[in-house]
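> Please find start.txt (compact mmCIF, C-alpha atoms) on the next line:
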```
# COMPACT_ATOMS: atom_id res chain seq x y z
CA MET O 98 168.56 -81.44 0.64
CA ASN O 99 166.90 -84.19 2.76
CA LEU O 100 164.93 -81.65 4.71
CA PHE O 101 163.39 -80.07 1.57
CA THR O 102 162.42 -83.48 0.04
CA ALA O 103 160.60 -84.61 3.19
CA VAL O 104 158.38 -81.52 3.18
CA LEU O 105 157.58 -81.45 -0.56
CA VAL O 106 156.46 -85.03 -1.03
CA PRO O 107 153.30 -84.87 1.24
CA ALA O 108 152.25 -81.60 -0.36
CA THR O 109 152.27 -83.16 -3.81
CA ILE O 110 150.09 -85.96 -2.64
CA THR O 111 147.54 -83.58 -1.10
CA PHE O 112 147.50 -81.41 -4.25
CA ALA O 113 146.65 -84.46 -6.43
CA ALA O 114 143.86 -85.58 -4.15
CA SER O 115 142.18 -82.20 -4.14
CA LEU O 116 141.77 -82.29 -7.92
CA SER O 117 139.24 -85.21 -7.56
CA GLY O 118 137.29 -83.79 -4.67
CA CYS O 119 137.28 -84.54 -1.01
CA ASP O 120 134.68 -87.38 -1.05
CA VAL O 121 135.52 -89.12 -4.30
CA GLN O 122 134.59 -92.72 -4.66
CA SER O 123 135.86 -95.10 -7.30
CA SER O 124 133.59 -95.53 -10.36
CA ASP O 125 132.79 -99.04 -9.36
CA ALA O 126 132.25 -98.34 -5.74
CA SER O 127 129.40 -100.09 -4.05
CA ALA O 128 127.48 -99.13 -0.98
CA GLY O 129 129.78 -101.08 1.26
CA ASN O 130 132.92 -100.53 -0.69
CA VAL O 131 133.74 -96.92 -0.40
CA SER O 132 137.38 -95.81 -0.71
CA THR O 133 138.15 -93.05 1.67
CA VAL O 134 140.96 -90.66 0.95
CA THR O 135 143.56 -90.90 3.66
CA SER O 136 144.91 -87.71 5.12
CA PRO O 137 148.49 -86.89 4.33
CA ALA O 138 149.41 -87.21 7.95
CA GLU O 139 148.27 -90.84 7.94
CA ALA O 140 149.67 -91.68 4.46
CA ALA O 141 153.31 -90.45 4.82
CA PRO O 142 155.77 -91.11 7.62
CA ALA O 143 156.95 -88.15 9.62
CA PRO O 144 160.08 -86.61 8.08
CA ALA O 145 163.38 -87.28 9.84
CA SER O 146 164.76 -84.40 11.80
CA ALA O 147 167.46 -82.53 9.96
CA PRO O 148 171.02 -83.06 11.27
CA GLU O 149 172.65 -80.15 12.98
CA PRO O 150 174.79 -78.35 10.41
CA LYS O 151 178.53 -78.71 11.10
CA PRO O 152 180.17 -75.43 11.88
CA GLU O 153 182.35 -74.29 9.06
CA PRO O 154 186.05 -74.42 9.94
CA LYS O 155 187.62 -71.11 10.73
CA PRO O 156 189.87 -69.99 7.94
CA GLU O 157 193.60 -70.16 8.63
CA PRO O 158 194.93 -66.68 9.26
CA GLU O 159 197.03 -65.49 6.37
CA PRO O 160 200.69 -64.97 7.25
CA GLU O 161 201.64 -61.39 7.68
CA PRO O 162 203.55 -60.16 4.65
CA LYS O 163 207.29 -59.70 5.16
CA PRO O 164 208.38 -56.11 4.98
CA GLU O 165 209.87 -55.13 1.66
CA PRO O 166 213.67 -54.74 1.92
CA LYS O 167 214.72 -51.16 1.74
CA PRO O 168 216.52 -50.49 -1.50
CA GLU O 169 220.18 -49.56 -1.22
CA PRO O 170 220.62 -45.89 -1.87
CA ALA O 171 222.19 -45.33 -5.26
CA SER O 172 225.65 -43.81 -5.12
CA SER O 173 225.45 -40.28 -6.39
CA GLY O 174 229.08 -40.41 -7.48
CA PRO O 175 231.17 -37.43 -8.53
CA VAL O 176 230.01 -34.50 -10.60
CA VAL O 177 232.84 -34.77 -13.11
CA ALA O 178 232.53 -31.19 -14.32
CA ASP O 179 233.20 -29.89 -10.78
CA LEU O 180 236.35 -31.91 -10.15
CA PRO O 181 239.72 -30.14 -9.90
CA GLY O 182 242.79 -31.06 -11.93
CA GLY O 183 242.92 -32.33 -15.48
CA ALA O 184 239.81 -33.14 -17.50
CA ILE O 185 238.65 -36.74 -17.88
CA ILE O 186 239.36 -37.91 -21.42
CA GLY O 187 237.49 -40.45 -23.54
CA ASP O 188 233.76 -40.23 -22.97
CA GLY O 189 234.33 -37.89 -20.02
CA THR O 190 232.88 -40.24 -17.41
CA MET O 191 234.30 -42.04 -14.38
CA LYS O 192 233.86 -45.69 -13.44
CA GLU O 193 232.75 -46.88 -10.00
CA LEU O 194 234.78 -49.73 -8.47
CA ALA O 195 233.63 -52.36 -5.98
CA SER O 196 235.55 -50.47 -3.29
CA GLY O 197 233.27 -47.44 -3.72
CA LEU O 198 236.04 -45.40 -5.34
CA TRP O 199 235.57 -43.87 -8.80
CA ILE O 200 238.33 -43.65 -11.42
CA GLY O 201 238.82 -41.85 -14.71
CA THR O 202 241.73 -41.34 -17.10
CA VAL O 203 243.25 -37.89 -17.39
CA LYS O 204 246.21 -38.76 -19.61
CA GLU O 205 247.18 -41.89 -21.53
CA SER O 206 250.73 -43.18 -21.67
CA LYS O 207 252.68 -41.95 -24.69
CA SER O 208 254.01 -45.45 -25.36
CA GLU O 209 251.75 -48.34 -26.34
CA ASP O 210 254.40 -50.73 -25.02
CA ALA O 211 254.71 -49.02 -21.64
CA PRO O 212 254.85 -51.38 -18.62
CA VAL O 213 251.50 -52.03 -16.94
CA LEU O 214 251.03 -51.96 -13.17
CA ALA O 215 250.26 -55.57 -12.22
CA ASP O 216 249.03 -57.17 -8.99
CA ASP O 217 252.47 -58.52 -8.07
CA ALA O 218 254.09 -55.09 -7.93
CA ARG O 219 255.47 -54.03 -4.54
CA GLY O 220 255.89 -50.30 -4.92
CA VAL O 221 255.00 -47.39 -7.18
CA SER O 222 256.77 -44.12 -7.90
CA ILE O 223 254.10 -41.49 -8.45
CA GLN O 224 253.34 -37.81 -8.63
CA MET O 225 250.21 -37.12 -6.60
CA GLU O 226 248.02 -34.11 -5.86
CA ALA O 227 244.97 -34.16 -3.57
CA TRP O 228 241.89 -31.99 -2.91
CA ASN O 229 238.78 -32.17 -0.77
CA MET O 230 235.42 -31.16 -2.20
CA HIS O 231 232.89 -28.73 -0.72
CA GLY O 232 229.85 -28.79 -2.96
CA ASP O 233 230.97 -27.74 -6.41
CA HIS O 234 234.37 -26.35 -5.41
CA ALA O 235 237.63 -27.91 -4.20
CA HIS O 236 240.38 -27.05 -1.73
CA GLY O 237 243.93 -28.32 -2.21
CA ILE O 238 245.25 -30.44 0.67
CA ILE O 239 248.38 -32.04 -0.86
CA PRO O 240 250.30 -30.09 -3.50
CA ALA O 241 251.64 -32.02 -6.48
CA ARG O 242 254.77 -33.90 -5.42
CA GLU O 243 256.69 -37.05 -6.24
CA MET O 244 256.66 -39.93 -3.78
CA VAL O 245 257.24 -43.67 -3.54
CA MET O 246 254.36 -45.67 -2.10
CA PRO O 247 253.79 -49.35 -1.36
CA PHE O 248 251.39 -51.11 -3.68
CA ASP O 249 249.45 -52.61 -0.79
CA ASP O 250 245.94 -51.82 0.50
CA LYS O 251 246.90 -52.62 4.11
CA MET O 252 249.73 -50.11 4.04
CA VAL O 253 247.88 -47.30 2.24
CA PHE O 254 244.05 -47.56 2.23
CA ALA O 255 241.33 -49.97 1.14
CA GLY O 256 240.87 -49.87 -2.62
CA TRP O 257 244.31 -48.36 -3.35
CA THR O 258 245.59 -51.23 -5.51
CA GLY O 259 242.30 -51.53 -7.38
CA ALA O 260 242.25 -47.81 -8.12
CA LEU O 261 245.76 -47.89 -9.63
CA GLY O 262 245.78 -51.40 -11.09
CA GLY O 263 246.19 -51.57 -14.86
CA MET O 264 247.75 -48.11 -15.20
CA LYS O 265 250.50 -47.80 -17.77
CA LEU O 266 253.77 -46.12 -16.97
CA GLY O 267 253.43 -42.41 -17.76
CA SER O 268 249.62 -42.30 -17.56
CA THR O 269 247.56 -40.12 -15.19
CA ARG O 270 244.43 -41.21 -13.37
CA LYS O 271 241.90 -39.31 -11.26
CA ILE O 272 240.40 -41.02 -8.19
CA TRP O 273 237.26 -39.80 -6.40
CA ALA O 274 236.58 -41.12 -2.88
CA PRO O 275 233.15 -40.54 -1.27
CA PRO O 276 232.63 -38.95 2.16
CA GLY O 277 233.36 -41.37 4.96
CA SER O 278 235.90 -43.34 2.93
CA GLU O 279 239.11 -44.51 4.58
CA ILE O 280 241.24 -42.02 2.67
CA SER O 281 238.95 -39.13 3.67
CA LYS O 282 239.44 -40.13 7.32
CA GLN O 283 243.21 -40.43 6.89
CA LEU O 284 243.29 -36.91 5.49
CA SER O 285 241.12 -35.61 8.38
CA ASN O 286 238.20 -34.80 6.06
CA PRO O 287 235.69 -37.59 6.84
CA GLY O 288 232.70 -35.54 5.71
CA SER O 289 234.10 -34.53 2.33
CA PRO O 290 234.79 -36.33 -0.93
CA ILE O 291 238.50 -36.61 -1.73
CA VAL O 292 240.01 -36.24 -5.20
CA LEU O 293 243.45 -37.65 -6.05
CA GLU O 294 245.26 -37.14 -9.33
CA ILE O 295 248.11 -39.60 -9.80
CA THR O 296 250.74 -39.97 -12.51
CA LEU O 297 252.57 -43.32 -12.57
CA ASN O 298 256.31 -42.67 -12.95
CA GLY O 299 257.77 -46.00 -11.91
CA ILE O 300 256.94 -49.58 -10.92
CA ASP O 301 259.24 -51.18 -8.31
CA GLU O 302 261.71 -48.53 -9.44
CA PHE O 303 263.86 -48.70 -6.27
CA ILE O 304 263.18 -52.37 -5.50
CA THR O 305 263.98 -54.52 -8.54
CA LEU O 306 267.65 -55.43 -8.84
CA PRO O 307 269.41 -54.63 -12.11
CA GLU O 308 271.19 -57.36 -14.08
CA THR O 309 274.55 -55.88 -13.03
CA LEU O 310 274.75 -54.76 -9.43
CA PRO O 311 276.36 -51.41 -8.68
CA GLY O 312 279.62 -51.23 -6.79
CA ALA O 313 282.24 -53.95 -6.46
CA ASP O 314 282.33 -56.76 -9.00
CA ILE O 315 280.97 -60.01 -7.52
CA GLY O 316 283.30 -62.14 -9.64
CA GLU O 317 282.53 -65.87 -9.36
CA SER O 318 280.78 -65.63 -5.99
CA LYS O 319 277.28 -67.03 -5.61
CA MET O 320 274.28 -65.31 -4.05
CA GLN O 321 273.23 -66.61 -0.65
CA SER O 322 269.96 -65.73 1.12
CA SER O 323 268.37 -66.06 4.53
CA GLU O 324 264.76 -66.58 5.58
CA THR O 325 264.51 -62.89 6.51
CA GLY O 326 264.97 -61.80 2.89
CA LEU O 327 268.60 -60.71 3.24
CA SER O 328 270.90 -61.71 0.34
CA TRP O 329 274.67 -61.44 -0.02
CA TYR O 330 277.74 -62.32 -2.06
CA ASP O 331 281.01 -63.19 -0.32
CA VAL O 332 283.36 -61.42 -2.73
CA VAL O 333 286.35 -62.05 -0.46
CA VAL O 334 286.14 -64.57 2.41
CA GLY O 335 288.14 -63.27 5.36
CA ASP O 336 290.56 -65.41 7.37
CA GLY O 337 290.05 -63.63 10.71
CA PRO O 338 287.50 -64.16 13.48
CA SER O 339 283.79 -63.34 13.33
CA PRO O 340 282.33 -60.85 15.83
CA SER O 341 280.40 -61.96 18.90
CA PRO O 342 277.00 -60.42 19.71
CA THR O 343 278.64 -58.06 22.23
CA ASP O 344 281.55 -56.94 20.04
CA SER O 345 282.00 -53.80 18.04
CA VAL O 346 283.58 -53.91 14.60
CA LYS O 347 285.22 -51.40 12.30
CA VAL O 348 284.12 -51.56 8.68
CA HIS O 349 284.48 -49.67 5.45
CA TYR O 350 281.34 -49.50 3.35
CA THR O 351 279.73 -47.93 0.30
CA GLY O 352 275.95 -47.81 -0.12
CA TRP O 353 274.05 -47.86 -3.42
CA LEU O 354 270.49 -47.75 -4.67
CA VAL O 355 269.45 -50.22 -7.37
CA ASN O 356 269.55 -47.39 -9.93
CA ASP O 357 273.34 -47.06 -9.42
CA LEU O 358 273.07 -44.00 -7.16
CA LYS O 359 275.76 -43.98 -4.45
CA PHE O 360 274.24 -42.44 -1.33
CA ASP O 361 276.95 -42.90 1.34
CA SER O 362 280.56 -44.12 1.69
CA SER O 363 283.07 -44.35 4.53
CA VAL O 364 285.66 -45.11 1.85
CA ASP O 365 285.13 -41.65 0.36
CA ARG O 366 285.55 -40.10 3.83
CA GLY O 367 288.66 -42.20 4.52
CA VAL O 368 287.45 -43.14 8.02
CA PRO O 369 286.14 -46.62 8.91
CA PHE O 370 282.76 -46.84 10.58
CA THR O 371 282.33 -48.53 13.98
CA VAL O 372 279.32 -50.80 14.46
CA ASN O 373 278.07 -52.04 17.84
CA MET O 374 276.77 -55.55 17.16
CA GLN O 375 274.08 -55.09 19.82
CA GLY O 376 272.21 -52.52 17.72
CA GLY O 377 272.11 -48.97 16.54
CA VAL O 378 272.13 -49.81 12.81
CA ILE O 379 269.58 -51.29 10.39
CA ALA O 380 268.66 -54.95 10.90
CA GLY O 381 270.14 -55.98 7.57
CA TRP O 382 273.56 -54.78 8.66
CA LEU O 383 273.54 -56.67 11.96
CA GLU O 384 272.50 -59.89 10.25
CA GLY O 385 274.95 -59.45 7.41
CA LEU O 386 277.97 -58.62 9.59
CA LYS O 387 277.62 -61.33 12.23
CA THR O 388 278.79 -64.14 9.92
CA MET O 389 281.60 -62.17 8.25
CA ARG O 390 285.26 -62.66 9.14
CA VAL O 391 287.86 -59.97 9.56
CA GLY O 392 289.53 -59.32 6.21
CA GLY O 393 286.43 -60.32 4.25
CA THR O 394 284.40 -58.27 1.79
CA ARG O 395 280.67 -58.89 1.36
CA LYS O 396 278.06 -57.34 -0.89
CA LEU O 397 274.80 -57.05 1.07
CA ILE O 398 271.42 -56.77 -0.66
CA ILE O 399 268.99 -55.48 1.96
CA PRO O 400 265.22 -55.25 1.30
CA ALA O 401 263.25 -52.35 2.72
CA GLU O 402 261.84 -54.55 5.49
CA LEU O 403 265.39 -54.90 6.92
CA ALA O 404 266.36 -51.29 6.13
CA TYR O 405 264.25 -48.14 6.31
CA GLY O 406 260.87 -49.57 5.36
CA TRP O 407 258.29 -47.36 3.68
CA LYS O 408 258.81 -44.24 5.78
CA PRO O 409 259.50 -41.28 3.50
CA SER O 410 263.00 -39.93 3.97
CA SER O 411 264.28 -36.40 3.54
CA GLY O 412 267.59 -37.89 2.37
CA PRO O 413 268.53 -39.70 -0.83
CA ILE O 414 266.99 -43.06 0.15
CA PRO O 415 263.39 -43.39 -1.14
CA ALA O 416 260.68 -45.19 0.79
CA GLY O 417 260.61 -48.91 0.12
CA ALA O 418 264.12 -48.93 -1.39
CA THR O 419 266.31 -52.02 -1.66
CA LEU O 420 269.81 -51.09 -0.49
CA ILE O 421 273.12 -52.53 -1.71
CA PHE O 422 276.25 -52.25 0.44
CA ASP O 423 279.84 -53.23 -0.24
CA VAL O 424 281.25 -53.92 3.24
CA GLU O 425 284.83 -54.75 4.26
CA MET O 426 285.35 -55.93 7.86
CA VAL O 427 288.53 -54.21 9.04
CA GLU O 428 288.82 -55.29 12.69
CA ILE O 429 286.99 -56.30 15.85
CA VAL O 430 287.30 -53.79 18.68
CA GLY O 431 286.11 -53.66 22.30
CA PRO O 432 282.40 -53.26 23.04
CA ASP O 433 282.95 -49.86 24.64
CA VAL O 434 284.17 -48.21 21.44
CA PRO O 435 281.51 -45.62 20.34
CA ALA O 436 279.66 -46.40 17.12
CA GLY O 437 279.97 -44.21 14.06
CA ASP O 438 277.18 -42.31 12.33
CA GLY O 439 276.77 -44.24 9.08
CA GLY O 440 274.62 -47.19 8.10
CA LYS O 441 271.91 -46.23 10.61
```
Please go through the file and, once you have read it, give me the structure as structure tokens.

Amino acid sequence: MNLFTAVLVPATITFAASLSGCDVQSSDASAGNVSTVTSPAEAAPAPASAPEPKPEPKPEPEPEPKPEPKPEPASSGPVVADLPGGAIIGDGTMKELASGLWIGTVKESKSEDAPVLADDARGVSIQMEAWNMHGDHAHGIIPAREMVMPFDDKMVFAGWTGALGGMKLGSTRKIWAPPGSEISKQLSNPGSPIVLEITLNGIDEFITLPETLPGADIGESKMQSSETGLSWYDVVVGDGPSPSPTDSVKVHYTGWLVNDLKFDSSVDRGVPFTVNMQGGVIAGWLEGLKTMRVGGTRKLIIPAELAYGWKPSSGPIPAGATLIFDVEMVEIVGPDVPAGDGGK
């Protein structure tokens, strides 16, 4: 603005002077008193030189926009109408769980008061059938059969307990597992969805002890337990010696499941069973016998962890079963006596 003001002011002065003429004298001018119009160059000081304009600052570069996160692909889920087995009841849809498995009810329990599968359960008795999916059709991979399974994700597959949790005894549930799931890999079909249809027949059926134990009466004896989970009642305390770790002992025994099923008995065969205390029998037996005395009778309560674990058996003992043995220690014999074939 200073530059434009310095230029305009002299021009205004010149324009005013030209209106009166170039040789104008004042009205009272005398011969020696003539007022001469001064030229603009003499009347006004020279304008100051304009300051150099400051360079405008360079604008800050705008930050590059962050790439938009790629949206997670939506799970396509099962096409319910294509699934094998029983139809989904209710609204006919399945629910997706946090594990990525989908569940739907095929059959409700007939009893409103039926027990509910809770988080603290240890094992389930089920009937299960399994298929793999190829497009809109299925192929059977496990025919319907009854089995006892641990209620434990680490022992079965991730999401197992969540998929069964809340089922009522007697109800049937369908489970859909997407391709690449742990169960699809276990069943050697990693690229295919897996469908399971499960009926809940029992909760801790072969684990929970009944109020009255099968076999010999425990009388007034008190339960004792060890840190391993073994429990026992000393029904009769023997007055003989206890075996050393290198001894063998002869015993009579009868084995029971918690549901009162007798599965083995040396008493019925009439021949005592020889046990090598260095091994060859289940861990619960070795622990339970080592503190007995000859002439004593002990009722052993052996959890699956000290017995046959969760391996399915072709015999009468289910996976995960708690075993109950009535054992009488008959005598201690030399270490070279061959062991019998029971209690293994």
> Can you tell me how far CA of Met244 in chain O sits from CA of Ser222 in chain O, in Å to one decimal?
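Taking CA of Met244 in chain O as the start and CA of Ser222 in chain O as the end point, the length is 5.9 Å.
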> Give me, please, the distance in Å between CA of Pro247 in chain O and CA of Met191 in chain O, quoted to one decimal.
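Answer for the CA of Pro247 in chain O to CA of Met191 in chain O separation: 24.6 Å.
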> Kindly give the distance, in Å, that separates CA of Asp361 in chain O and CA of Thr343 in chain O, rounded to a single decimal.
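Result for CA of Asp361 in chain O versus CA of Thr343 in chain O: 25.9 Å, one decimal.
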> If we count only C-alpha atoms, what is near Gln224 in chain O at a cut-off of 9 Å, once residues fewer than 3 positions away on the same chain are taken out, given as a PyMOL selection string?
chain O and resi 241-245+294-298
> From the set O:Val355, O:Met426, O:Met225, O:Ala178, which residue has the shortest atom-to-atom contact distance to Asp301 in chain O, counting all atoms listed in the file?
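For Asp301 in chain O, the nearest of the given residues is O:Val355.
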> Would you kindly return, as a PDB file with C-alpha atoms, in the coordinates of the input, each protein, DNA or RNA residue with an atom no farther than 12 Å from any atom of Val334 in chain O, considering all atoms listed in the file and excluding same-chain residues fewer than 3 positions away?

```pdb
ATOM      1  CA  SER O 318     280.780 -65.630  -5.990  1.00  0.00           C
ATOM      2  CA  TYR O 330     277.740 -62.320  -2.060  1.00  0.00           C
ATOM      3  CA  ASP O 331     281.010 -63.190  -0.320  1.00  0.00           C
ATOM      4  CA  GLY O 337     290.050 -63.630  10.710  1.00  0.00           C
ATOM      5  CA  PRO O 338     287.500 -64.160  13.480  1.00  0.00           C
ATOM      6  CA  SER O 339     283.790 -63.340  13.330  1.00  0.00           C
ATOM      7  CA  THR O 388     278.790 -64.140   9.920  1.00  0.00           C
ATOM      8  CA  MET O 389     281.600 -62.170   8.250  1.00  0.00           C
ATOM      9  CA  ARG O 390     285.260 -62.660   9.140  1.00  0.00           C
ATOM     10  CA  VAL O 391     287.860 -59.970   9.560  1.00  0.00           C
ATOM     11  CA  GLY O 392     289.530 -59.320   6.210  1.00  0.00           C
ATOM     12  CA  GLY O 393     286.430 -60.320   4.250  1.00  0.00           C
ATOM     13  CA  THR O 394     284.400 -58.270   1.790  1.00  0.00           C
ATOM     14  CA  ARG O 395     280.670 -58.890   1.360  1.00  0.00           C
ATOM     15  CA  LYS O 396     278.060 -57.340  -0.890  1.00  0.00           C
ATOM     16  CA  VAL O 424     281.250 -53.920   3.240  1.00  0.00           C
ATOM     17  CA  GLU O 425     284.830 -54.750   4.260  1.00  0.00           C
ATOM     18  CA  MET O 426     285.350 -55.930   7.860  1.00  0.00           C
TER      19      MET O 426
END
```
> Taking only C-alpha atoms into account, name the residue in O:Gly431, O:Pro340, O:Gly312, O:Gly263 that is nearest to Asn356 in chain O.
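Looking only at the distances to Asn356 in chain O, the closest residue turns out to be O:Gly312.
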> Could you give me, as a list in words, the residues that have an atom at most 9 Å away from the point (235.5, -27.4, -7.8) in the coordinates of the file, using all atoms listed in the file?
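Residues lying no farther than 9 Å from the given point: Ala178, Asp179, Leu180, Pro181, Met230, His231, Gly232, Asp233, His234, Ala235 and His236 of chain O.
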> Kindly provide, as a short mmCIF file (atom, residue, chain, number, x, y, z; two decimals) with C-alpha atoms, in the coordinates of the input, the polymer residues lying within 10 Å of (246.4, -47.2, -14.8), counting all atoms listed in the file and using the coordinates exactly as they appear in the file.

```cif
data_model
loop_
_atom_site.label_atom_id
_atom_site.label_comp_id
_atom_site.auth_asym_id
_atom_site.auth_seq_id
_atom_site.Cartn_x
_atom_site.Cartn_y
_atom_site.Cartn_z
CA ILE O 200 238.33 -43.65 -11.42
CA GLY O 201 238.82 -41.85 -14.71
CA THR O 202 241.73 -41.34 -17.10
CA LYS O 204 246.21 -38.76 -19.61
CA GLU O 205 247.18 -41.89 -21.53
CA SER O 206 250.73 -43.18 -21.67
CA VAL O 213 251.50 -52.03 -16.94
CA LEU O 214 251.03 -51.96 -13.17
CA ALA O 215 250.26 -55.57 -12.22
CA GLY O 259 242.30 -51.53 -7.38
CA ALA O 260 242.25 -47.81 -8.12
CA LEU O 261 245.76 -47.89 -9.63
CA GLY O 262 245.78 -51.40 -11.09
CA GLY O 263 246.19 -51.57 -14.86
CA MET O 264 247.75 -48.11 -15.20
CA LYS O 265 250.50 -47.80 -17.77
CA LEU O 266 253.77 -46.12 -16.97
CA GLY O 267 253.43 -42.41 -17.76
CA SER O 268 249.62 -42.30 -17.56
CA THR O 269 247.56 -40.12 -15.19
CA ARG O 270 244.43 -41.21 -13.37
CA LYS O 271 241.90 -39.31 -11.26
CA ILE O 295 248.11 -39.60 -9.80
CA THR O 296 250.74 -39.97 -12.51
CA LEU O 297 252.57 -43.32 -12.57
#
```
> With all atoms listed in the file as the basis for distance, which of O:Trp329, O:Pro175, O:Asn229, O:Asp423 is at the shortest distance from Ser363 in chain O?
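With all atoms listed in the file as the atom set, the closest residue is O:Asp423.
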> Could you add whatever atoms are missing so that range 176-188 of chain O carries N, CA and C atoms, then write the result as a PDB file, in the frame of the given file?

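What landed in result_29.pdb:
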```
ATOM      1  N   VAL O 176     230.424 -35.373  -9.505  1.00  0.00           N
ATOM      2  CA  VAL O 176     230.010 -34.500 -10.600  1.00  0.00           C
ATOM      3  C   VAL O 176     231.298 -34.147 -11.342  1.00  0.00           C
ATOM      4  N   VAL O 177     231.534 -34.835 -12.449  1.00  0.00           N
ATOM      5  CA  VAL O 177     232.840 -34.770 -13.110  1.00  0.00           C
ATOM      6  C   VAL O 177     233.215 -33.335 -13.471  1.00  0.00           C
ATOM      7  N   ALA O 178     232.239 -32.561 -13.887  1.00  0.00           N
ATOM      8  CA  ALA O 178     232.530 -31.190 -14.320  1.00  0.00           C
ATOM      9  C   ALA O 178     233.055 -30.320 -13.180  1.00  0.00           C
ATOM     10  N   ASP O 179     232.764 -30.699 -11.924  1.00  0.00           N
ATOM     11  CA  ASP O 179     233.200 -29.890 -10.780  1.00  0.00           C
ATOM     12  C   ASP O 179     234.572 -30.286 -10.253  1.00  0.00           C
ATOM     13  N   LEU O 180     235.122 -31.396 -10.740  1.00  0.00           N
ATOM     14  CA  LEU O 180     236.350 -31.910 -10.150  1.00  0.00           C
ATOM     15  C   LEU O 180     237.564 -31.086 -10.549  1.00  0.00           C
ATOM     16  N   PRO O 181     238.502 -30.903  -9.604  1.00  0.00           N
ATOM     17  CA  PRO O 181     239.720 -30.140  -9.900  1.00  0.00           C
ATOM     18  C   PRO O 181     240.708 -30.982 -10.707  1.00  0.00           C
ATOM     19  N   GLY O 182     241.756 -30.345 -11.191  1.00  0.00           N
ATOM     20  CA  GLY O 182     242.790 -31.060 -11.930  1.00  0.00           C
ATOM     21  C   GLY O 182     242.448 -31.187 -13.397  1.00  0.00           C
ATOM     22  N   GLY O 183     243.119 -32.134 -14.047  1.00  0.00           N
ATOM     23  CA  GLY O 183     242.920 -32.330 -15.480  1.00  0.00           C
ATOM     24  C   GLY O 183     241.559 -32.892 -15.818  1.00  0.00           C
ATOM     25  N   ALA O 184     241.120 -32.653 -17.037  1.00  0.00           N
ATOM     26  CA  ALA O 184     239.810 -33.140 -17.500  1.00  0.00           C
ATOM     27  C   ALA O 184     239.878 -34.638 -17.794  1.00  0.00           C
ATOM     28  N   ILE O 185     238.757 -35.318 -17.555  1.00  0.00           N
ATOM     29  CA  ILE O 185     238.650 -36.740 -17.880  1.00  0.00           C
ATOM     30  C   ILE O 185     238.541 -36.881 -19.397  1.00  0.00           C
ATOM     31  N   ILE O 186     239.389 -37.730 -19.965  1.00  0.00           N
ATOM     32  CA  ILE O 186     239.360 -37.910 -21.420  1.00  0.00           C
ATOM     33  C   ILE O 186     238.447 -39.076 -21.783  1.00  0.00           C
ATOM     34  N   GLY O 187     238.396 -39.403 -23.073  1.00  0.00           N
ATOM     35  CA  GLY O 187     237.490 -40.450 -23.540  1.00  0.00           C
ATOM     36  C   GLY O 187     236.080 -39.938 -23.582  1.00  0.00           C
ATOM     37  N   ASP O 188     235.156 -40.677 -22.967  1.00  0.00           N
ATOM     38  CA  ASP O 188     233.760 -40.230 -22.970  1.00  0.00           C
ATOM     39  C   ASP O 188     233.468 -39.244 -21.837  1.00  0.00           C
TER      40      ASP O 188
END
```
